[in-house]
file upload-v1.csv (CSV, C-alpha atoms and all ligand atoms)
chain,number,residue,atom,x,y,z
A,1164,MET,CA,-138.9,32.1,-22.7
A,1165,ASN,CA,-141.5,34.7,-23.7
A,1166,PRO,CA,-139.7,37.4,-25.7
A,1167,GLU,CA,-142.5,39.8,-25.0
A,1168,ALA,CA,-141.2,40.1,-21.4
A,1169,TYR,CA,-138.2,42.1,-22.8
A,1170,TYR,CA,-140.5,44.7,-24.4
A,1171,ASN,CA,-141.4,45.9,-20.9
A,1172,LEU,CA,-137.9,47.1,-20.1
A,1173,SER,CA,-137.6,50.9,-20.5
A,1174,TYR,CA,-134.8,52.6,-22.5
A,1175,GLY,CA,-134.0,55.9,-24.2
A,1176,ILE,CA,-132.3,56.7,-27.5
A,1177,TYR,CA,-128.8,58.2,-27.1
A,1178,LEU,CA,-125.9,59.2,-29.3
A,1179,ILE,CA,-122.5,58.1,-28.1
A,1180,THR,CA,-119.5,59.9,-29.6
A,1181,ALA,CA,-115.7,59.5,-29.2
A,1182,ILE,CA,-112.4,60.2,-30.9
A,1183,ASP,CA,-110.1,57.3,-31.9
A,1184,ASN,CA,-106.3,57.2,-31.5
A,1185,ASP,CA,-105.9,58.9,-35.0
A,1186,GLY,CA,-108.2,61.8,-34.0
A,1187,LYS,CA,-111.2,60.6,-36.1
A,1188,LYS,CA,-114.6,61.6,-34.8
A,1189,VAL,CA,-116.8,58.5,-34.4
A,1190,GLY,CA,-120.2,57.8,-32.9
A,1191,CYS,CA,-123.2,55.4,-32.8
A,1192,ILE,CA,-126.8,55.3,-31.5
A,1193,ALA,CA,-127.3,53.4,-28.3
A,1194,ASN,CA,-130.4,52.6,-26.3
A,1195,CYS,CA,-128.5,51.6,-23.2
A,1196,ALA,CA,-127.2,54.5,-21.1
A,1197,ILE,CA,-128.0,54.8,-17.4
A,1198,GLN,CA,-126.8,56.7,-14.4
A,1199,VAL,CA,-125.5,54.1,-11.9
A,1200,THR,CA,-124.1,56.3,-9.1
A,1201,SER,CA,-124.6,59.9,-8.0
A,1202,ASN,CA,-121.5,60.8,-6.0
A,1203,PRO,CA,-119.5,60.9,-8.1
A,1204,SER,CA,-122.0,60.9,-10.9
A,1205,GLN,CA,-121.3,57.9,-13.1
A,1206,LEU,CA,-123.0,56.6,-16.3
A,1207,LEU,CA,-123.0,53.1,-17.8
A,1208,ILE,CA,-123.0,52.6,-21.6
A,1209,SER,CA,-123.2,49.2,-23.4
A,1210,LEU,CA,-121.4,49.0,-26.7
A,1211,ASN,CA,-121.1,46.1,-29.1
A,1212,HIS,CA,-117.5,44.9,-29.8
A,1213,ASP,CA,-118.2,45.1,-33.6
A,1214,ASN,CA,-119.0,48.9,-33.4
A,1215,TYR,CA,-116.1,51.1,-34.2
A,1216,THR,CA,-117.3,53.5,-31.4
A,1217,CYS,CA,-116.6,50.7,-28.9
A,1218,VAL,CA,-113.0,50.4,-30.3
A,1219,ALA,CA,-112.4,54.2,-30.1
A,1220,VAL,CA,-113.7,54.4,-26.5
A,1221,ARG,CA,-111.5,51.5,-25.5
A,1222,GLU,CA,-108.5,53.4,-27.0
A,1223,THR,CA,-109.1,56.8,-25.5
A,1224,LYS,CA,-111.3,56.1,-22.4
A,1225,LYS,CA,-113.4,59.2,-23.2
A,1226,LEU,CA,-116.9,59.5,-24.6
A,1227,ALA,CA,-119.9,61.9,-24.9
A,1228,VAL,CA,-123.5,60.8,-24.3
A,1229,MET,CA,-126.3,62.9,-25.9
A,1230,VAL,CA,-130.0,62.4,-25.2
A,1231,LEU,CA,-132.0,62.5,-28.4
A,1232,GLY,CA,-135.6,63.8,-28.6
A,1233,GLU,CA,-138.8,62.7,-30.4
A,1234,ASN,CA,-138.2,65.4,-33.0
A,1235,VAL,CA,-134.5,64.5,-33.8
A,1236,GLY,CA,-133.7,64.5,-37.5
A,1237,ALA,CA,-134.2,61.1,-39.3
A,1238,ASP,CA,-130.6,61.6,-40.7
A,1239,ILE,CA,-129.2,61.4,-37.1
A,1240,ILE,CA,-130.6,57.9,-36.4
A,1241,GLY,CA,-129.9,56.8,-40.0
A,1242,THR,CA,-126.3,58.0,-40.0
A,1243,PHE,CA,-125.3,57.0,-36.5
A,1244,GLY,CA,-127.4,53.9,-36.1
A,1245,TYR,CA,-127.0,52.1,-39.4
A,1246,LYS,CA,-123.6,53.0,-40.8
A,1247,SER,CA,-120.2,52.4,-39.4
A,1248,SER,CA,-117.6,55.1,-38.6
A,1249,ARG,CA,-115.0,52.6,-40.0
A,1250,ASN,CA,-115.9,53.7,-43.5
A,1251,THR,CA,-118.0,56.8,-43.1
A,1252,ASP,CA,-117.3,60.4,-41.9
A,1253,LYS,CA,-120.5,60.6,-39.8
A,1254,PHE,CA,-120.0,64.2,-39.0
A,1255,ALA,CA,-119.5,65.4,-42.6
A,1256,SER,CA,-123.1,66.9,-42.8
A,1257,ILE,CA,-124.1,67.0,-39.2
A,1258,PRO,CA,-123.8,70.3,-37.2
A,1259,TYR,CA,-121.8,69.8,-34.0
A,1260,LYS,CA,-119.5,71.6,-31.5
A,1261,ASN,CA,-116.3,70.4,-30.0
A,1262,ILE,CA,-116.7,70.2,-26.2
A,1263,LYS,CA,-113.8,68.9,-24.1
A,1264,GLY,CA,-112.3,67.5,-27.4
A,1265,LEU,CA,-115.5,65.5,-28.2
A,1266,PRO,CA,-118.1,66.1,-30.9
A,1267,VAL,CA,-121.5,67.1,-29.5
A,1268,ILE,CA,-124.3,67.5,-32.1
A,1269,ASN,CA,-126.6,70.5,-32.0
A,1270,ASP,CA,-129.7,68.3,-32.6
A,1271,ALA,CA,-129.7,66.8,-29.0
A,1272,ILE,CA,-131.5,67.7,-25.8
A,1273,CYS,CA,-128.4,67.6,-23.6
A,1274,TYR,CA,-124.9,66.0,-23.3
A,1275,PHE,CA,-122.6,64.4,-20.8
A,1276,ILE,CA,-118.8,64.2,-21.2
A,1277,ILE,CA,-117.6,61.0,-19.6
A,1278,ASN,CA,-114.1,59.8,-18.5
A,1279,VAL,CA,-114.2,56.0,-18.5
A,1280,LYS,CA,-113.1,54.5,-15.1
A,1281,ASN,CA,-114.1,50.8,-15.5
A,1282,GLU,CA,-114.9,48.4,-18.3
A,1283,PHE,CA,-116.8,45.1,-17.9
A,1284,GLU,CA,-116.8,42.5,-20.6
A,1285,THR,CA,-119.7,40.4,-21.9
A,1286,ASN,CA,-119.5,38.0,-24.8
A,1287,THR,CA,-120.8,40.6,-27.3
A,1288,HIS,CA,-120.7,44.1,-25.5
A,1289,THR,CA,-118.3,46.1,-23.4
A,1290,LEU,CA,-120.0,48.0,-20.5
A,1291,PHE,CA,-118.2,51.3,-19.9
A,1292,VAL,CA,-118.7,53.0,-16.6
A,1293,GLY,CA,-117.4,56.5,-16.3
A,1294,GLU,CA,-117.5,59.8,-14.3
A,1295,VAL,CA,-119.3,62.8,-15.6
A,1296,GLU,CA,-116.8,65.6,-16.2
A,1297,GLU,CA,-119.3,68.1,-17.6
A,1298,CYS,CA,-123.0,68.1,-18.7
A,1299,ASP,CA,-125.4,70.8,-20.0
A,1300,LEU,CA,-128.6,71.3,-21.9
A,1301,ILE,CA,-128.7,72.0,-25.6
A,1302,LYS,CA,-132.3,72.3,-26.9
A,1303,LYS,CA,-135.8,71.6,-25.7
A,1304,ASP,CA,-137.6,68.4,-26.8
A,1305,ILE,CA,-139.2,65.3,-25.2
A,1306,PRO,CA,-136.6,62.6,-24.6
A,1307,MET,CA,-137.3,59.8,-27.1
A,1308,THR,CA,-138.0,56.4,-25.4
A,1309,TYR,CA,-137.1,53.2,-27.2
A,1310,SER,CA,-140.8,52.3,-27.1
A,1311,TYR,CA,-141.6,55.6,-29.0
A,1312,TYR,CA,-138.9,54.7,-31.5
A,1313,HIS,CA,-140.6,51.4,-32.1
A,1314,LYS,CA,-144.2,52.4,-32.0
A,1315,VAL,CA,-144.2,55.8,-33.6
A,1316,LYS,CA,-141.1,55.9,-35.7
A,1317,LYS,CA,-141.5,52.1,-36.5
A,1318,GLY,CA,-137.8,51.6,-36.1
A,1319,LEU,CA,-136.2,48.2,-35.6
A,1320,SER,CA,-133.4,47.0,-33.4
A,1321,PRO,CA,-130.3,46.5,-35.5
A,1322,LYS,CA,-128.1,43.5,-34.9
A,1323,ASN,CA,-125.6,45.3,-32.6
A,1324,ALA,CA,-128.2,46.8,-30.3
A,1325,PRO,CA,-128.4,44.9,-27.0
A,1326,THR,CA,-132.2,44.6,-27.5
A,1327,TYR,CA,-131.9,42.9,-30.9
A,1328,GLN,CA,-133.9,39.7,-31.2
A,1329,LYS,CA,-133.6,37.3,-34.1
A,1330,GLY,CA,-136.6,37.4,-36.4
A,1331,ASN,CA,-137.9,40.9,-35.4
A,1332,ASP,CA,-137.0,42.3,-38.8
A,1333,LYS,CA,-139.5,40.2,-40.7
A,1334,GLY,CA,-142.4,41.7,-42.8
A,1335,MET,CA,-145.8,42.3,-41.2
A,1336,GLU,CA,-149.0,40.3,-41.7
A,1337,LYS,CA,-151.9,41.3,-43.9
A,1338,THR,CA,-154.4,43.8,-42.3
A,1339,ASN,CA,-158.2,44.0,-42.5
A,1340,GLY,CA,-158.3,41.3,-45.1
A,1341,LYS,CA,-156.8,43.6,-47.8
A,1342,THR,CA,-153.7,42.5,-49.7
A,1343,MET,CA,-151.0,44.8,-48.4
A,1344,HIS,CA,-147.5,45.2,-49.8
A,1345,HIS,CA,-144.4,45.6,-47.8
A,1346,PHE,CA,-141.2,47.5,-48.6
A,1347,LYS,CA,-138.1,47.2,-46.4
A,1348,CYS,CA,-135.6,50.0,-46.0
A,1349,LEU,CA,-132.2,48.5,-46.8
A,1350,LEU,CA,-130.5,51.1,-44.6
A,1351,CYS,CA,-132.4,50.8,-41.3
A,1352,GLY,CA,-134.8,47.9,-41.7
A,1353,TYR,CA,-138.0,50.0,-41.4
A,1354,ILE,CA,-140.9,48.2,-43.1
A,1355,TYR,CA,-143.5,50.3,-44.9
A,1356,GLU,CA,-146.9,48.8,-45.5
A,1357,THR,CA,-149.2,50.0,-48.3
A,1358,GLU,CA,-151.9,48.8,-50.6
A,1359,ASP,CA,-149.9,50.2,-53.6
A,1360,GLU,CA,-147.7,47.9,-55.7
A,1361,GLU,CA,-144.9,50.6,-56.0
A,1362,LEU,CA,-143.5,53.3,-53.7
A,1363,PRO,CA,-143.8,56.9,-55.0
A,1364,SER,CA,-140.5,58.1,-56.3
A,1365,ASP,CA,-140.3,60.9,-53.7
A,1366,PHE,CA,-140.9,58.6,-50.8
A,1367,THR,CA,-138.3,58.8,-48.0
A,1368,CYS,CA,-137.8,56.5,-45.0
A,1369,PRO,CA,-139.4,58.1,-41.9
A,1370,VAL,CA,-136.8,56.5,-39.7
A,1371,CYS,CA,-133.5,57.1,-41.5
A,1372,GLY,CA,-134.4,59.4,-44.4
A,1373,ALA,CA,-133.2,56.9,-47.1
A,1374,PRO,CA,-134.8,57.5,-50.6
A,1375,ALA,CA,-137.3,55.2,-52.3
A,1376,ASP,CA,-134.6,53.4,-54.4
A,1377,GLN,CA,-133.1,52.1,-51.1
A,1378,PHE,CA,-136.3,50.1,-50.4
A,1379,GLU,CA,-136.7,46.4,-51.4
A,1380,LYS,CA,-140.2,45.0,-52.0
A,1381,ILE,CA,-140.7,42.0,-49.6
A,1382,ASP,CA,-144.2,40.9,-50.7
B,1401,LIG,C1,-132.3,52.3,-31.9
B,1401,LIG,C2,-130.9,51.8,-31.9
B,1401,LIG,C3,-130.4,51.4,-30.7
B,1401,LIG,C4,-129.1,50.9,-30.7
B,1401,LIG,N1,-128.5,50.5,-29.5
B,1401,LIG,C5,-127.2,50.1,-29.4
B,1401,LIG,C6,-126.5,50.0,-28.2
B,1401,LIG,O1,-127.1,50.2,-27.1
B,1401,LIG,N2,-125.2,49.5,-28.2
B,1401,LIG,C7,-124.6,49.3,-29.4
B,1401,LIG,O2,-123.4,49.0,-29.3
B,1401,LIG,N3,-125.1,49.6,-30.6
B,1401,LIG,C8,-126.4,50.0,-30.6
B,1401,LIG,N4,-127.0,50.2,-31.8
B,1401,LIG,C9,-126.3,49.9,-33.1
B,1401,LIG,C10,-125.3,50.9,-33.5
B,1401,LIG,O3,-125.7,52.3,-33.4
B,1401,LIG,C11,-124.9,50.6,-35.0
B,1401,LIG,O4,-124.4,49.3,-35.0
B,1401,LIG,C12,-123.9,51.6,-35.5
B,1401,LIG,O5,-123.9,51.5,-37.0
B,1401,LIG,C13,-122.4,51.4,-35.1
B,1401,LIG,O6,-121.6,52.4,-35.7
B,1401,LIG,P1,-120.0,52.5,-35.4
B,1401,LIG,O7,-119.4,51.3,-36.1
B,1401,LIG,O8,-119.6,53.8,-36.1
B,1401,LIG,O9,-119.8,52.5,-34.0
B,1401,LIG,C14,-128.3,50.8,-31.9
B,1401,LIG,C15,-128.9,51.2,-33.1
B,1401,LIG,C16,-130.2,51.7,-33.1
B,1401,LIG,C17,-130.8,52.2,-34.4

call {"tool": "encode", "arguments": {"input": "upload-v1.csv", "output": "structure tokens", "more": "lines below"}}
Ligand SMILES: Cc1cc2nc3c(=O)[nH]c(=O)nc-3n(C[C@H](O)[C@H](O)[C@H](O)COP(=O)(O)O)c2cc1C
result
Amino acid sequence: MNPEAYYNLSYGIYLITAIDNDGKKVGCIANCAIQVTSNPSQLLISLNHDNYTCVAVRETKKLAVMVLGENVGADIIGTFGYKSSRNTDKFASIPYKNIKGLPVINDAICYFIINVKNEFETNTHTLFVGEVEECDLIKKDIPMTYSYYHKVKKGLSPKNAPTYQKGNDKGMEKTNGKTMHHFKCLLCGYIYETEDEELPSDFTCPVCGAPADQFEKID
């Protein structure tokens, strides 16, 4: 098995939101959202059983999908991709509108409101297939691909993403013969490489916006 084969599959970066049975607004980042039929238009989303968003969608059978752009705020991926709605109000400081009863953030390219029609189980993820009730454009940007997220944003696949591979969150090798130091963001796993021994105090994570004191020196 050559894990590099997986790096050639193409994905986007999406935000999935839902409301749980108690009316709490929840949501998580997902790289797997695809249109599977056109008449009626149906989308498929893959959510890990451990994610609270998966629990809420199972309860209410409704979700919203938002396409995120290359210029999306780092706080969106940090909040929705690396924290759980179980113990966080993810919408506390994120501007959004209620559309068909679901939270749709302003910082997205477009949205789809989905009524779940079928659920398929795997050992770790539930695949939700649902019909599009409504969709519209929100703002102009280039849709972010997963490859852009990795190469430009230097983001990593967290444990609950379907694309996670064990060991892909290790530090990087030395470059150009210089001794480089590596600092890992404790929130999102981003690894910053520098010749400096310390991070500047005003440094913030380019992926999730975490401050310098949330970084751990790896080597
Ligand atoms: C780039 C990226 C892609 C992700 N893709 C998925 C995905 O497709 N499915 C999934 O269940 N989780 C995915 N995750 C992980 C969830 O967003 C993450 O576990 C989140 O904290 C779950 O929040 P919740 O407990 O509020 O649902 C991804 C995270 C990132 C940063």

call {"tool": "residues_near_ligand", "arguments": {"input": "upload-v1.csv", "ligand": "ligand LIG 1401 (chain B)", "cutoff": "7 Å", "atoms": "all atoms listed in the file", "output": "NGL selection string"}}
result
:A and (1176 or 1189-1195 or 1209-1211 or 1213-1217 or 1240 or 1243-1249 or 1288 or 1309 or 1318-1325)

call {"tool": "closest_residue", "arguments": {"input": "upload-v1.csv", "among": "A:Glu1282, A:Asp1382, A:Glu1356, A:Glu1233", "to": "Cys1368 of chain A", "atoms": "all atoms listed in the file"}}
result
A:Glu1356

call {"tool": "residues_around", "arguments": {"input": "upload-v1.csv", "residues": "segment 1260-1273 of chain A", "least_positions_apart": "3", "cutoff": "8 Å", "atoms": "all atoms listed in the file", "output": "JSON, numbers by chain"}}
result
{"A": [1180, 1181, 1182, 1188, 1226, 1227, 1229, 1230, 1231, 1232, 1235, 1236, 1257, 1276, 1298, 1299, 1300, 1301, 1302, 1303, 1304, 1306]}

call {"tool": "closest_residue", "arguments": {"input": "upload-v1.csv", "among": "A:Leu1362, A:Tyr1355, A:Tyr1311, A:Asn1278", "to": "Val1295 of chain A", "atoms": "all atoms listed in the file"}}
result
A:Asn1278

call {"tool": "atom_distance", "arguments": {"input": "upload-v1.csv", "atom1": "atom CA of Ser1256 of chain A", "atom2": "atom CA of Leu1178 of chain A"}}
result
15.8 Å

call {"tool": "atom_distance", "arguments": {"input": "upload-v1.csv", "atom1": "atom CA of Ala1237 of chain A", "atom2": "atom CA of Ser1310 of chain A"}}
result
16.4 Å

call {"tool": "closest_residue", "arguments": {"input": "upload-v1.csv", "among": "A:Lys1380, A:Lys1341, A:Lys1253, A:Lys1224", "to": "Lys1280 of chain A", "atoms": "all atoms listed in the file"}}
result
A:Lys1224

call {"tool": "atom_distance", "arguments": {"input": "upload-v1.csv", "atom1": "atom CA of Ala1255 of chain A", "atom2": "atom CA of Val1370 of chain A"}}
result
19.7 Å

call {"tool": "closest_residue", "arguments": {"input": "upload-v1.csv", "among": "A:His1344, A:His1212, A:Phe1378, A:Ser1364", "to": "Thr1287 of chain A", "atoms": "only C-alpha atoms"}}
result
A:His1212

call {"tool": "decode", "arguments": {"input": "upload-v1.csv", "residues": "segment 1204-1230 of chain A", "atoms": "N, CA and C atoms", "output": "compact mmCIF listing (two decimals), in the first residue's frame"}}
result
# COMPACT_ATOMS: atom_id res chain seq x y z
N SER A 1204 -31.74 16.69 -6.99
CA SER A 1204 -30.36 16.96 -6.64
C SER A 1204 -30.08 16.46 -5.23
N GLN A 1205 -29.11 15.55 -5.12
CA GLN A 1205 -28.77 14.98 -3.80
C GLN A 1205 -27.27 15.11 -3.54
N LEU A 1206 -26.92 15.44 -2.31
CA LEU A 1206 -25.52 15.51 -1.90
C LEU A 1206 -25.23 14.41 -0.90
N LEU A 1207 -23.95 14.00 -0.84
CA LEU A 1207 -23.49 13.00 0.14
C LEU A 1207 -22.44 13.65 1.03
N ILE A 1208 -22.56 13.43 2.33
CA ILE A 1208 -21.61 13.99 3.30
C ILE A 1208 -21.19 12.85 4.22
N SER A 1209 -19.88 12.78 4.54
CA SER A 1209 -19.36 11.73 5.41
C SER A 1209 -18.96 12.32 6.76
N LEU A 1210 -19.63 11.88 7.84
CA LEU A 1210 -19.33 12.44 9.17
C LEU A 1210 -18.93 11.34 10.15
N ASN A 1211 -17.85 11.61 10.89
CA ASN A 1211 -17.34 10.66 11.88
C ASN A 1211 -18.32 10.51 13.05
N HIS A 1212 -18.49 9.27 13.51
CA HIS A 1212 -19.43 9.00 14.62
C HIS A 1212 -19.08 9.81 15.87
N ASP A 1213 -17.79 10.12 16.08
CA ASP A 1213 -17.38 10.86 17.29
C ASP A 1213 -17.72 12.35 17.21
N ASN A 1214 -18.02 12.86 16.02
CA ASN A 1214 -18.31 14.29 15.88
C ASN A 1214 -19.74 14.58 16.33
N TYR A 1215 -19.91 15.62 17.13
CA TYR A 1215 -21.25 15.92 17.62
C TYR A 1215 -22.19 16.32 16.48
N THR A 1216 -21.62 16.89 15.40
CA THR A 1216 -22.45 17.26 14.25
C THR A 1216 -23.12 16.01 13.67
N CYS A 1217 -22.41 14.89 13.68
CA CYS A 1217 -22.97 13.63 13.17
C CYS A 1217 -24.17 13.22 14.04
N VAL A 1218 -24.02 13.36 15.36
CA VAL A 1218 -25.11 13.01 16.29
C VAL A 1218 -26.34 13.88 16.00
N ALA A 1219 -26.11 15.20 15.82
CA ALA A 1219 -27.23 16.13 15.60
C ALA A 1219 -27.93 15.84 14.27
N VAL A 1220 -27.16 15.52 13.22
CA VAL A 1220 -27.79 15.24 11.91
C VAL A 1220 -28.61 13.96 11.99
N ARG A 1221 -28.08 12.96 12.74
CA ARG A 1221 -28.85 11.73 12.91
C ARG A 1221 -30.18 12.02 13.60
N GLU A 1222 -30.16 12.97 14.57
CA GLU A 1222 -31.38 13.28 15.34
C GLU A 1222 -32.41 14.00 14.49
N THR A 1223 -31.97 15.01 13.74
CA THR A 1223 -32.95 15.92 13.10
C THR A 1223 -33.09 15.73 11.60
N LYS A 1224 -32.15 14.94 10.99
CA LYS A 1224 -32.21 14.62 9.55
C LYS A 1224 -32.15 15.85 8.65
N LYS A 1225 -31.49 16.89 9.12
CA LYS A 1225 -31.36 18.12 8.35
C LYS A 1225 -29.96 18.68 8.52
N LEU A 1226 -29.37 19.21 7.46
CA LEU A 1226 -28.05 19.81 7.59
C LEU A 1226 -27.87 20.88 6.51
N ALA A 1227 -26.90 21.77 6.76
CA ALA A 1227 -26.52 22.75 5.73
C ALA A 1227 -25.07 22.50 5.36
N VAL A 1228 -24.77 22.62 4.07
CA VAL A 1228 -23.39 22.50 3.58
C VAL A 1228 -22.99 23.86 3.05
N MET A 1229 -21.82 24.36 3.48
CA MET A 1229 -21.29 25.62 2.95
C MET A 1229 -19.95 25.34 2.29
N VAL A 1230 -19.71 25.92 1.11
CA VAL A 1230 -18.42 25.78 0.44
C VAL A 1230 -17.53 26.91 0.94
